[in-house]
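Enquirer: Input work21.cif, format and content: mmCIF, C-alpha atoms.
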```
data_start
#
loop_
_atom_site.group_PDB
_atom_site.id
_atom_site.type_symbol
_atom_site.label_atom_id
_atom_site.label_comp_id
_atom_site.auth_asym_id
_atom_site.auth_seq_id
_atom_site.Cartn_x
_atom_site.Cartn_y
_atom_site.Cartn_z
ATOM 1 C CA MET A 1 -150.310 -28.126 -7.952
ATOM 2 C CA PHE A 2 -153.375 -26.161 -6.843
ATOM 3 C CA ASP A 3 -156.865 -27.548 -6.476
ATOM 4 C CA VAL A 4 -158.356 -24.483 -8.167
ATOM 5 C CA ILE A 5 -156.930 -21.638 -10.223
ATOM 6 C CA ILE A 6 -159.157 -18.612 -10.717
ATOM 7 C CA ILE A 7 -158.425 -16.057 -13.432
ATOM 8 C CA GLY A 8 -159.773 -12.699 -12.282
ATOM 9 C CA ALA A 9 -159.990 -10.935 -8.919
ATOM 10 C CA GLY A 10 -163.269 -9.074 -9.216
ATOM 11 C CA PRO A 11 -166.431 -9.892 -7.226
ATOM 12 C CA ALA A 12 -167.020 -13.158 -9.120
ATOM 13 C CA GLY A 13 -163.471 -14.491 -8.864
ATOM 14 C CA ILE A 14 -162.967 -13.505 -5.243
ATOM 15 C CA SER A 15 -166.360 -14.924 -4.215
ATOM 16 C CA ALA A 16 -165.428 -18.197 -5.929
ATOM 17 C CA SER A 17 -162.101 -18.243 -4.098
ATOM 18 C CA LEU A 18 -163.765 -17.748 -0.709
ATOM 19 C CA TYR A 19 -166.110 -20.692 -1.157
ATOM 20 C CA ALA A 20 -163.393 -22.959 -2.523
ATOM 21 C CA LYS A 21 -160.943 -22.030 0.228
ATOM 22 C CA ARG A 22 -163.545 -22.518 2.973
ATOM 23 C CA ALA A 23 -163.945 -26.051 1.601
ATOM 24 C CA ASN A 24 -160.264 -26.540 2.442
ATOM 25 C CA LYS A 25 -159.032 -26.413 -1.148
ATOM 26 C CA SER A 26 -155.766 -24.813 -2.265
ATOM 27 C CA VAL A 27 -156.682 -21.790 -4.361
ATOM 28 C CA LEU A 28 -154.679 -19.442 -6.573
ATOM 29 C CA VAL A 29 -156.186 -16.227 -7.935
ATOM 30 C CA LEU A 30 -154.410 -14.571 -10.863
ATOM 31 C CA TYR A 31 -155.272 -11.054 -11.985
ATOM 32 C CA HIS A 32 -153.775 -8.241 -14.025
ATOM 33 C CA GLY A 33 -154.843 -4.833 -15.249
ATOM 34 C CA GLU A 34 -157.675 -2.604 -14.143
ATOM 35 C CA SER A 35 -160.880 -4.300 -13.055
ATOM 36 C CA GLN A 36 -164.221 -3.070 -14.382
ATOM 37 C CA LEU A 37 -165.249 -2.668 -10.741
ATOM 38 C CA GLU A 38 -162.468 -0.144 -10.146
ATOM 39 C CA LYS A 39 -164.003 2.116 -12.782
ATOM 40 C CA ALA A 40 -167.177 2.532 -10.729
ATOM 41 C CA HIS A 41 -166.977 5.877 -8.914
ATOM 42 C CA MET A 42 -169.696 4.979 -6.397
ATOM 43 C CA ILE A 43 -171.837 1.878 -5.832
ATOM 44 C CA ASP A 44 -174.994 2.610 -3.863
ATOM 45 C CA ASN A 45 -177.249 -0.289 -4.903
ATOM 46 C CA TYR A 46 -175.321 -3.155 -3.293
ATOM 47 C CA TYR A 47 -176.514 -4.763 -0.083
ATOM 48 C CA GLY A 48 -174.864 -3.678 3.160
ATOM 49 C CA PHE A 49 -173.503 -0.246 2.228
ATOM 50 C CA PRO A 50 -176.112 2.396 3.121
ATOM 51 C CA GLY A 51 -173.731 5.233 2.295
ATOM 52 C CA GLY A 52 -172.403 3.555 -0.836
ATOM 53 C CA ILE A 53 -168.858 2.410 -1.514
ATOM 54 C CA THR A 54 -166.396 3.169 -4.287
ATOM 55 C CA GLY A 55 -165.648 0.444 -6.785
ATOM 56 C CA THR A 56 -161.945 0.644 -5.952
ATOM 57 C CA GLN A 57 -162.575 0.169 -2.239
ATOM 58 C CA LEU A 58 -164.893 -2.807 -2.777
ATOM 59 C CA TYR A 59 -162.365 -4.371 -5.151
ATOM 60 C CA GLU A 60 -159.444 -3.931 -2.740
ATOM 61 C CA ASP A 61 -161.489 -5.141 0.230
ATOM 62 C CA GLY A 62 -162.399 -8.304 -1.668
ATOM 63 C CA ILE A 63 -158.780 -9.157 -2.433
ATOM 64 C CA ALA A 64 -157.780 -8.421 1.177
ATOM 65 C CA GLN A 65 -160.541 -10.723 2.433
ATOM 66 C CA ALA A 66 -159.354 -13.565 0.202
ATOM 67 C CA LYS A 67 -155.762 -13.166 1.345
ATOM 68 C CA GLU A 68 -156.852 -13.079 4.995
ATOM 69 C CA LEU A 69 -158.560 -16.425 4.482
ATOM 70 C CA GLY A 70 -155.406 -17.923 2.967
ATOM 71 C CA VAL A 71 -156.099 -17.646 -0.745
ATOM 72 C CA GLU A 72 -152.916 -17.083 -2.749
ATOM 73 C CA VAL A 73 -153.404 -13.990 -4.917
ATOM 74 C CA LYS A 74 -150.866 -13.005 -7.581
ATOM 75 C CA ASN A 75 -150.792 -9.979 -9.863
ATOM 76 C CA GLU A 76 -149.628 -11.808 -12.985
ATOM 77 C CA GLU A 77 -151.037 -11.675 -16.497
ATOM 78 C CA ALA A 78 -152.356 -15.037 -17.701
ATOM 79 C CA LEU A 79 -151.219 -15.652 -21.273
ATOM 80 C CA HIS A 80 -152.074 -19.248 -22.086
ATOM 81 C CA ILE A 81 -154.206 -22.077 -20.663
ATOM 82 C CA SER A 82 -154.042 -25.708 -21.744
ATOM 83 C CA MET A 83 -155.067 -29.138 -20.504
ATOM 84 C CA ASN A 84 -152.216 -31.544 -19.806
ATOM 85 C CA ALA A 85 -151.940 -35.341 -19.987
ATOM 86 C CA ASN A 86 -153.197 -35.659 -16.404
ATOM 87 C CA MET A 87 -156.438 -33.873 -17.316
ATOM 88 C CA CYS A 88 -155.346 -30.898 -15.252
ATOM 89 C CA PHE A 89 -154.855 -27.309 -16.375
ATOM 90 C CA ASP A 90 -151.566 -25.534 -17.044
ATOM 91 C CA VAL A 91 -151.748 -21.756 -16.799
ATOM 92 C CA THR A 92 -148.814 -19.799 -18.203
ATOM 93 C CA THR A 93 -148.363 -16.235 -16.966
ATOM 94 C CA THR A 94 -145.830 -13.470 -17.470
ATOM 95 C CA GLU A 95 -143.988 -14.807 -14.415
ATOM 96 C CA GLY A 96 -144.219 -18.591 -14.676
ATOM 97 C CA GLN A 97 -146.515 -21.590 -14.970
ATOM 98 C CA TYR A 98 -149.075 -23.058 -12.558
ATOM 99 C CA GLU A 99 -151.110 -26.251 -12.550
ATOM 100 C CA ALA A 100 -154.572 -26.926 -11.132
ATOM 101 C CA LYS A 101 -157.189 -29.657 -11.076
ATOM 102 C CA ALA A 102 -160.018 -27.189 -11.749
ATOM 103 C CA LEU A 103 -160.230 -23.801 -13.422
ATOM 104 C CA ILE A 104 -162.588 -20.855 -12.974
ATOM 105 C CA LEU A 105 -162.714 -18.021 -15.523
ATOM 106 C CA SER A 106 -163.897 -14.729 -14.053
ATOM 107 C CA THR A 107 -162.000 -12.134 -16.042
ATOM 108 C CA GLY A 108 -164.932 -9.994 -17.014
ATOM 109 C CA ASN A 109 -165.359 -9.179 -20.690
ATOM 110 C CA LYS A 110 -162.050 -7.625 -21.692
ATOM 111 C CA LYS A 111 -162.333 -7.705 -25.448
ATOM 112 C CA VAL A 112 -160.708 -4.516 -26.716
ATOM 113 C CA ARG A 113 -161.679 -3.171 -30.126
ATOM 114 C CA PRO A 114 -159.343 -0.340 -31.205
ATOM 115 C CA ASN A 115 -160.921 2.784 -32.611
ATOM 116 C CA ILE A 116 -159.601 2.187 -36.115
ATOM 117 C CA LYS A 117 -161.602 2.864 -39.270
ATOM 118 C CA GLY A 118 -162.638 -0.362 -40.978
ATOM 119 C CA ILE A 119 -162.019 -2.696 -38.070
ATOM 120 C CA ILE A 120 -165.701 -3.421 -37.443
ATOM 121 C CA ASP A 121 -166.463 -3.752 -41.161
ATOM 122 C CA PHE A 122 -163.865 -6.494 -41.582
ATOM 123 C CA GLU A 123 -164.532 -8.554 -38.456
ATOM 124 C CA GLY A 124 -164.803 -12.113 -39.754
ATOM 125 C CA LYS A 125 -163.414 -10.949 -43.089
ATOM 126 C CA GLY A 126 -159.768 -10.677 -42.158
ATOM 127 C CA VAL A 127 -160.001 -9.149 -38.684
ATOM 128 C CA SER A 128 -159.795 -11.737 -35.914
ATOM 129 C CA TYR A 129 -159.524 -11.730 -32.120
ATOM 130 C CA CYS A 130 -158.143 -15.266 -31.688
ATOM 131 C CA ALA A 131 -154.868 -16.500 -33.184
ATOM 132 C CA ILE A 132 -155.366 -20.167 -32.308
ATOM 133 C CA CYS A 133 -158.939 -20.118 -33.641
ATOM 134 C CA ASP A 134 -158.240 -18.477 -36.994
ATOM 135 C CA GLY A 135 -154.508 -18.736 -37.612
ATOM 136 C CA PHE A 136 -154.953 -21.854 -39.768
ATOM 137 C CA PHE A 137 -156.825 -19.780 -42.372
ATOM 138 C CA TYR A 138 -153.709 -17.643 -42.937
ATOM 139 C CA ARG A 139 -151.191 -20.371 -43.728
ATOM 140 C CA LYS A 140 -148.165 -18.871 -45.517
ATOM 141 C CA LYS A 141 -149.944 -15.518 -45.732
ATOM 142 C CA SER A 142 -149.054 -12.073 -44.399
ATOM 143 C CA VAL A 143 -150.645 -10.984 -41.137
ATOM 144 C CA ALA A 144 -150.338 -8.268 -38.524
ATOM 145 C CA VAL A 145 -151.017 -8.360 -34.785
ATOM 146 C CA ILE A 146 -152.329 -5.135 -33.244
ATOM 147 C CA GLY A 147 -151.193 -4.670 -29.654
ATOM 148 C CA ASN A 148 -148.209 -3.655 -27.573
ATOM 149 C CA GLY A 149 -148.211 -5.939 -24.514
ATOM 150 C CA ASP A 150 -147.392 -9.504 -23.526
ATOM 151 C CA TYR A 151 -150.751 -10.668 -24.855
ATOM 152 C CA ALA A 152 -149.871 -9.412 -28.354
ATOM 153 C CA VAL A 153 -146.508 -11.190 -28.199
ATOM 154 C CA SER A 154 -148.239 -14.385 -27.071
ATOM 155 C CA GLU A 155 -150.684 -14.203 -29.988
ATOM 156 C CA ALA A 156 -147.768 -13.632 -32.371
ATOM 157 C CA GLY A 157 -146.155 -16.759 -30.951
ATOM 158 C CA ASP A 158 -149.261 -18.776 -31.821
ATOM 159 C CA LEU A 159 -149.078 -17.503 -35.399
ATOM 160 C CA GLU A 160 -145.374 -17.532 -36.210
ATOM 161 C CA ASN A 161 -145.144 -21.164 -37.346
ATOM 162 C CA ILE A 162 -148.303 -20.919 -39.445
ATOM 163 C CA VAL A 163 -148.184 -17.668 -41.366
ATOM 164 C CA GLY A 164 -145.764 -16.530 -44.029
ATOM 165 C CA SER A 165 -144.873 -13.167 -42.503
ATOM 166 C CA LEU A 166 -145.880 -11.375 -39.325
ATOM 167 C CA LYS A 167 -145.535 -7.895 -37.879
ATOM 168 C CA ILE A 168 -146.703 -6.403 -34.596
ATOM 169 C CA LEU A 169 -148.409 -3.010 -34.925
ATOM 170 C CA THR A 170 -148.518 -0.986 -31.707
ATOM 171 C CA ASN A 171 -150.769 1.768 -33.117
ATOM 172 C CA GLY A 172 -148.629 4.559 -31.730
ATOM 173 C CA LYS A 173 -148.003 2.956 -28.339
ATOM 174 C CA PRO A 174 -144.600 1.862 -26.945
ATOM 175 C CA ALA A 175 -143.257 -1.384 -28.349
ATOM 176 C CA PRO A 176 -143.519 -4.599 -26.281
ATOM 177 C CA ASN A 177 -140.411 -6.071 -24.729
ATOM 178 C CA THR A 178 -139.397 -8.441 -27.522
ATOM 179 C CA ASP A 179 -136.882 -8.513 -30.355
ATOM 180 C CA LYS A 180 -138.394 -11.605 -31.953
ATOM 181 C CA TYR A 181 -140.786 -9.833 -34.324
ATOM 182 C CA GLU A 182 -140.710 -6.818 -36.584
ATOM 183 C CA ILE A 183 -142.579 -4.002 -34.867
ATOM 184 C CA ILE A 184 -144.195 -0.910 -36.360
ATOM 185 C CA GLU A 185 -145.089 1.802 -33.845
ATOM 186 C CA THR A 186 -146.725 4.263 -36.264
ATOM 187 C CA PRO A 187 -150.383 5.077 -35.474
ATOM 188 C CA ILE A 188 -152.906 3.259 -37.678
ATOM 189 C CA LYS A 189 -155.356 5.250 -39.772
ATOM 190 C CA GLU A 190 -157.446 2.574 -41.455
ATOM 191 C CA ILE A 191 -157.875 -1.080 -42.341
ATOM 192 C CA LYS A 192 -158.721 -1.419 -46.025
ATOM 193 C CA GLY A 193 -160.002 -4.080 -48.381
ATOM 194 C CA ASP A 194 -162.844 -5.111 -50.652
ATOM 195 C CA ALA A 195 -164.507 -8.379 -49.639
ATOM 196 C CA LYS A 196 -161.618 -9.096 -47.260
ATOM 197 C CA VAL A 197 -158.763 -7.217 -45.595
ATOM 198 C CA SER A 198 -155.984 -6.253 -47.996
ATOM 199 C CA SER A 199 -153.921 -3.637 -46.163
ATOM 200 C CA VAL A 200 -153.320 -1.466 -43.116
ATOM 201 C CA VAL A 201 -152.887 2.252 -43.754
ATOM 202 C CA PHE A 202 -150.825 4.313 -41.287
ATOM 203 C CA GLU A 203 -151.213 7.942 -40.320
ATOM 204 C CA ASP A 204 -147.996 8.837 -42.154
ATOM 205 C CA GLY A 205 -149.435 7.536 -45.425
ATOM 206 C CA GLN A 206 -147.466 4.275 -45.517
ATOM 207 C CA GLU A 207 -149.455 1.147 -46.366
ATOM 208 C CA LEU A 208 -148.783 -2.437 -45.267
ATOM 209 C CA GLU A 209 -150.261 -5.212 -47.404
ATOM 210 C CA VAL A 210 -151.687 -7.993 -45.221
ATOM 211 C CA ASN A 211 -154.203 -10.803 -45.569
ATOM 212 C CA GLY A 212 -155.288 -10.721 -41.949
ATOM 213 C CA VAL A 213 -155.213 -8.603 -38.805
ATOM 214 C CA PHE A 214 -155.287 -10.123 -35.314
ATOM 215 C CA VAL A 215 -156.374 -7.786 -32.519
ATOM 216 C CA ALA A 216 -154.596 -8.377 -29.186
ATOM 217 C CA GLU A 217 -154.739 -5.117 -27.290
ATOM 218 C CA GLY A 218 -154.825 -5.053 -23.498
ATOM 219 C CA VAL A 219 -154.938 -8.424 -21.730
ATOM 220 C CA ALA A 220 -156.718 -11.645 -22.641
ATOM 221 C CA GLY A 221 -160.300 -11.957 -21.394
ATOM 222 C CA GLY A 222 -162.299 -15.034 -20.501
ATOM 223 C CA ALA A 223 -163.857 -15.301 -23.956
ATOM 224 C CA ASP A 224 -160.372 -15.240 -25.524
ATOM 225 C CA PHE A 225 -159.254 -18.168 -23.374
ATOM 226 C CA ALA A 226 -162.557 -19.963 -23.959
ATOM 227 C CA LYS A 227 -162.264 -19.869 -27.740
ATOM 228 C CA LYS A 228 -158.733 -21.231 -27.598
ATOM 229 C CA MET A 229 -159.757 -24.088 -25.287
ATOM 230 C CA GLY A 230 -162.837 -25.063 -27.252
ATOM 231 C CA ILE A 231 -165.254 -23.780 -24.626
ATOM 232 C CA ALA A 232 -168.682 -22.915 -26.022
ATOM 233 C CA VAL A 233 -169.358 -19.200 -26.317
ATOM 234 C CA ASN A 234 -172.177 -16.964 -27.438
ATOM 235 C CA GLY A 235 -170.433 -14.035 -29.077
ATOM 236 C CA ASP A 236 -168.157 -12.680 -26.364
ATOM 237 C CA SER A 237 -169.950 -14.461 -23.512
ATOM 238 C CA ILE A 238 -169.125 -17.920 -22.160
ATOM 239 C CA LYS A 239 -171.926 -20.473 -22.108
ATOM 240 C CA THR A 240 -172.507 -22.258 -18.790
ATOM 241 C CA ASP A 241 -175.198 -24.331 -17.125
ATOM 242 C CA GLU A 242 -176.885 -23.378 -13.858
ATOM 243 C CA LYS A 243 -173.844 -24.644 -11.936
ATOM 244 C CA MET A 244 -171.538 -22.286 -13.886
ATOM 245 C CA ALA A 245 -169.970 -25.314 -15.599
ATOM 246 C CA THR A 246 -168.771 -24.983 -19.183
ATOM 247 C CA ASN A 247 -168.756 -27.775 -21.751
ATOM 248 C CA ILE A 248 -165.188 -28.636 -20.688
ATOM 249 C CA PRO A 249 -165.120 -30.779 -17.504
ATOM 250 C CA GLY A 250 -163.372 -28.962 -14.684
ATOM 251 C CA VAL A 251 -163.757 -25.498 -16.209
ATOM 252 C CA PHE A 252 -166.252 -23.066 -14.719
ATOM 253 C CA SER A 253 -167.082 -19.467 -15.564
ATOM 254 C CA CYS A 254 -168.757 -16.651 -13.645
ATOM 255 C CA GLY A 255 -169.422 -12.922 -13.659
ATOM 256 C CA ASN A 256 -169.523 -10.453 -16.526
ATOM 257 C CA VAL A 257 -167.799 -12.850 -18.910
ATOM 258 C CA ASN A 258 -171.029 -14.886 -18.865
ATOM 259 C CA GLY A 259 -173.047 -11.898 -20.056
ATOM 260 C CA GLY A 260 -176.450 -10.955 -18.670
ATOM 261 C CA LEU A 261 -176.897 -8.470 -15.825
ATOM 262 C CA LEU A 262 -173.558 -6.703 -15.353
ATOM 263 C CA GLN A 263 -173.954 -6.047 -11.649
ATOM 264 C CA VAL A 264 -171.941 -6.872 -8.522
ATOM 265 C CA CYS A 265 -174.809 -8.861 -7.013
ATOM 266 C CA LYS A 266 -174.917 -11.231 -10.000
ATOM 267 C CA ALA A 267 -171.135 -11.604 -10.034
ATOM 268 C CA VAL A 268 -171.020 -12.501 -6.341
ATOM 269 C CA TYR A 269 -173.807 -15.065 -6.753
ATOM 270 C CA GLU A 270 -172.243 -16.712 -9.794
ATOM 271 C CA GLY A 271 -168.836 -16.711 -8.107
ATOM 272 C CA GLY A 272 -170.258 -18.538 -5.112
ATOM 273 C CA VAL A 273 -171.933 -21.106 -7.362
ATOM 274 C CA ALA A 274 -168.746 -21.590 -9.417
ATOM 275 C CA GLY A 275 -166.624 -22.045 -6.293
ATOM 276 C CA LEU A 276 -168.966 -24.669 -4.853
ATOM 277 C CA SER A 277 -169.291 -26.406 -8.222
ATOM 278 C CA ALA A 278 -165.506 -26.627 -8.522
ATOM 279 C CA VAL A 279 -165.356 -28.184 -5.049
ATOM 280 C CA ASN A 280 -168.009 -30.767 -6.002
ATOM 281 C CA TYR A 281 -166.159 -31.505 -9.244
ATOM 282 C CA LEU A 282 -162.946 -32.187 -7.316
ATOM 283 C CA LYS A 283 -164.772 -34.481 -4.895
ATOM 284 C CA GLU A 284 -166.328 -36.458 -7.713
ATOM 285 C CA LYS A 285 -162.988 -36.677 -9.491
ATOM 286 C CA THR A 286 -161.314 -37.996 -6.340
ATOM 287 C CA ASP A 287 -164.083 -40.556 -5.793
ATOM 288 C CA LYS A 288 -163.661 -41.877 -9.335
ATOM 289 C CA GLU A 289 -159.909 -42.246 -8.883
ATOM 290 C CA LYS A 290 -160.288 -44.395 -5.747
#
```
Take the structure in this file and express it as structure tokens.
Expert:
Amino acid sequence: MFDVIIIGAGPAGISASLYAKRANKSVLVLYHGESQLEKAHMIDNYYGFPGGITGTQLYEDGIAQAKELGVEVKNEEALHISMNANMCFDVTTTEGQYEAKALILSTGNKKVRPNIKGIIDFEGKGVSYCAICDGFFYRKKSVAVIGNGDYAVSEAGDLENIVGSLKILTNGKPAPNTDKYEIIETPIKEIKGDAKVSSVVFEDGQELEVNGVFVAEGVAGGADFAKKMGIAVNGDSIKTDEKMATNIPGVFSCGNVNGGLLQVCKAVYEGGVAGLSAVNYLKEKTDKEK
């Protein structure tokens, strides 16, 4: 059991971990995939670096700093988050399961929209980005999940007992490591339909009739987890108050996933606030239990 689990190891998540750890809390940071910060060739508008610093270097230095302080940092993909009977949070990853009393989402905005004709036109009309949110609308119907990683397999798992038939479409990428679902690796040309999605057309001319398409490329972002947990969002951004608290007690959010100014300075500030807010939440929770 950890006091705080933080999903994301960018400036927001690491800053949150530093404040929580300095308050003598046990902290686990989980991260996976390339950070948005790593894509920055050079950062020359951040305090303290007169000659600039590469995004990769700043990212790696942040993780090293957290580890030096005693924060546990694991490169594992978070697949599912739920609240248990003890009002704590269970986080399932590709490697195992962890429990915490408080949760901080700092994944950045990782929503991936494939470059497929028709996908934007049918968003909300058969194209969905959340299996738990929208799976109910496809009871006994035919659906497809677009993706080729553990996240796609996890989304398929949320759908399999609801829908009538399900296939994973990798859109030309290597198949995920599963033999549980039928997989089609042919590149996708187009998503078709009239008022709603009716089929997926492949580059080889084959056509798959479906009632819905669930997009699960890459890894899950904070907004994906938020929607599944019932956390209030504004589009792809998580809603928080000034203390970075969401509408779910014990869950905080910081950084790019909150929208607004997508800059390191904002991420660091919000991470610090989220870390301190999580510490205060734990103190209040302990006081109530006495």
Enquirer: Restricting the calculation to all atoms listed in the file: of A:Val4, A:Val219, A:Ala152, A:Ile231, which residue gets closest to A:Lys21?
Expert: A:Val4
Enquirer: For this structure, which residues satisfy the selection - the PyMOL selection byres ((chain A and resi 239-244) around 8) - when it is evaluated on the file as given? I want them as number ranges by chain.
Expert: A: 231-234, 237-238, 245-247, 252-254, 258, 270, 273-274, 277
Enquirer: Near A:Ile120, within 12 Å and counting only C-alpha atoms, which residues show up once chain neighbours fewer than 5 positions away are dropped, as JSON, numbers by chain?
Expert: {"A": [112, 113, 114, 115, 125, 126, 127, 128, 129, 190, 191, 192, 197, 213, 215]}
Enquirer: Near stretch 159-162 of chain A, counting only C-alpha atoms, which residues have an atom at most 8 Å away, once you skip same-chain residues fewer than 6 positions from it, shown as an NGL selection string?
Expert: :A and (131-132 or 135-136 or 138-140)
Enquirer: With only C-alpha atoms as the basis for distance, which of A:Glu155, A:Asp44, A:Asp121, A:Glu203 is at the shortest distance from A:Glu217?
Expert: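 Nearest to A:Glu217: A:Glu155.
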Enquirer: Between A:Ile183, A:Leu282, A:Ala144, A:Val73, single out the one closest to A:Asp3, counting only C-alpha atoms.
Expert: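 Closest residue, counting only C-alpha atoms: A:Leu282.
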Enquirer: Can I get a file of stretch 272-280 of chain A from the given structure, all heavy atoms kept, as an mmCIF file, in the first residue's frame?
Expert:
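part.cif was written with the following content:
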```cif
data_model
loop_
_atom_site.group_PDB
_atom_site.id
_atom_site.type_symbol
_atom_site.label_atom_id
_atom_site.label_comp_id
_atom_site.auth_asym_id
_atom_site.auth_seq_id
_atom_site.Cartn_x
_atom_site.Cartn_y
_atom_site.Cartn_z
ATOM 1 N N GLY A 272 3.326 20.688 -7.962
ATOM 2 C CA GLY A 272 3.580 21.023 -6.568
ATOM 3 C C GLY A 272 2.289 21.162 -5.777
ATOM 4 O O GLY A 272 2.165 20.651 -4.656
ATOM 5 N N VAL A 273 1.304 21.842 -6.369
ATOM 6 C CA VAL A 273 0.010 22.013 -5.710
ATOM 7 C C VAL A 273 -0.664 20.655 -5.497
ATOM 8 O O VAL A 273 -1.193 20.364 -4.416
ATOM 9 C CB VAL A 273 -0.906 22.942 -6.527
ATOM 10 C CG1 VAL A 273 -2.309 22.989 -5.924
ATOM 11 C CG2 VAL A 273 -0.327 24.347 -6.586
ATOM 12 N N ALA A 274 -0.645 19.805 -6.527
ATOM 13 C CA ALA A 274 -1.287 18.488 -6.424
ATOM 14 C C ALA A 274 -0.624 17.634 -5.342
ATOM 15 O O ALA A 274 -1.306 16.954 -4.570
ATOM 16 C CB ALA A 274 -1.231 17.774 -7.770
ATOM 17 N N GLY A 275 0.714 17.667 -5.295
ATOM 18 C CA GLY A 275 1.423 16.897 -4.282
ATOM 19 C C GLY A 275 1.058 17.334 -2.873
ATOM 20 O O GLY A 275 0.773 16.508 -1.993
ATOM 21 N N LEU A 276 1.039 18.642 -2.644
ATOM 22 C CA LEU A 276 0.684 19.167 -1.324
ATOM 23 C C LEU A 276 -0.784 18.896 -0.995
ATOM 24 O O LEU A 276 -1.127 18.591 0.156
ATOM 25 C CB LEU A 276 0.966 20.664 -1.268
ATOM 26 C CG LEU A 276 2.445 21.072 -1.294
ATOM 27 C CD1 LEU A 276 2.575 22.590 -1.397
ATOM 28 C CD2 LEU A 276 3.165 20.564 -0.047
ATOM 29 N N SER A 277 -1.642 18.989 -1.991
ATOM 30 C CA SER A 277 -3.068 18.728 -1.766
ATOM 31 C C SER A 277 -3.309 17.264 -1.402
ATOM 32 O O SER A 277 -4.149 16.952 -0.549
ATOM 33 C CB SER A 277 -3.878 19.099 -3.008
ATOM 34 O OG SER A 277 -3.813 20.488 -3.263
ATOM 35 N N ALA A 278 -2.558 16.361 -2.052
ATOM 36 C CA ALA A 278 -2.677 14.946 -1.713
ATOM 37 C C ALA A 278 -2.233 14.697 -0.277
ATOM 38 O O ALA A 278 -2.857 13.919 0.463
ATOM 39 C CB ALA A 278 -1.844 14.109 -2.680
ATOM 40 N N VAL A 279 -1.163 15.359 0.134
ATOM 41 C CA VAL A 279 -0.681 15.233 1.519
ATOM 42 C C VAL A 279 -1.741 15.720 2.499
ATOM 43 O O VAL A 279 -2.025 15.063 3.514
ATOM 44 C CB VAL A 279 0.634 16.025 1.703
ATOM 45 C CG1 VAL A 279 1.017 16.102 3.180
ATOM 46 C CG2 VAL A 279 1.752 15.376 0.903
ATOM 47 N N ASN A 280 -2.354 16.861 2.223
ATOM 48 C CA ASN A 280 -3.403 17.401 3.103
ATOM 49 C C ASN A 280 -4.615 16.479 3.143
ATOM 50 O O ASN A 280 -5.234 16.293 4.199
ATOM 51 C CB ASN A 280 -3.817 18.792 2.633
ATOM 52 C CG ASN A 280 -2.739 19.831 2.875
ATOM 53 O OD1 ASN A 280 -1.918 19.684 3.790
ATOM 54 N ND2 ASN A 280 -2.730 20.883 2.073
#
```
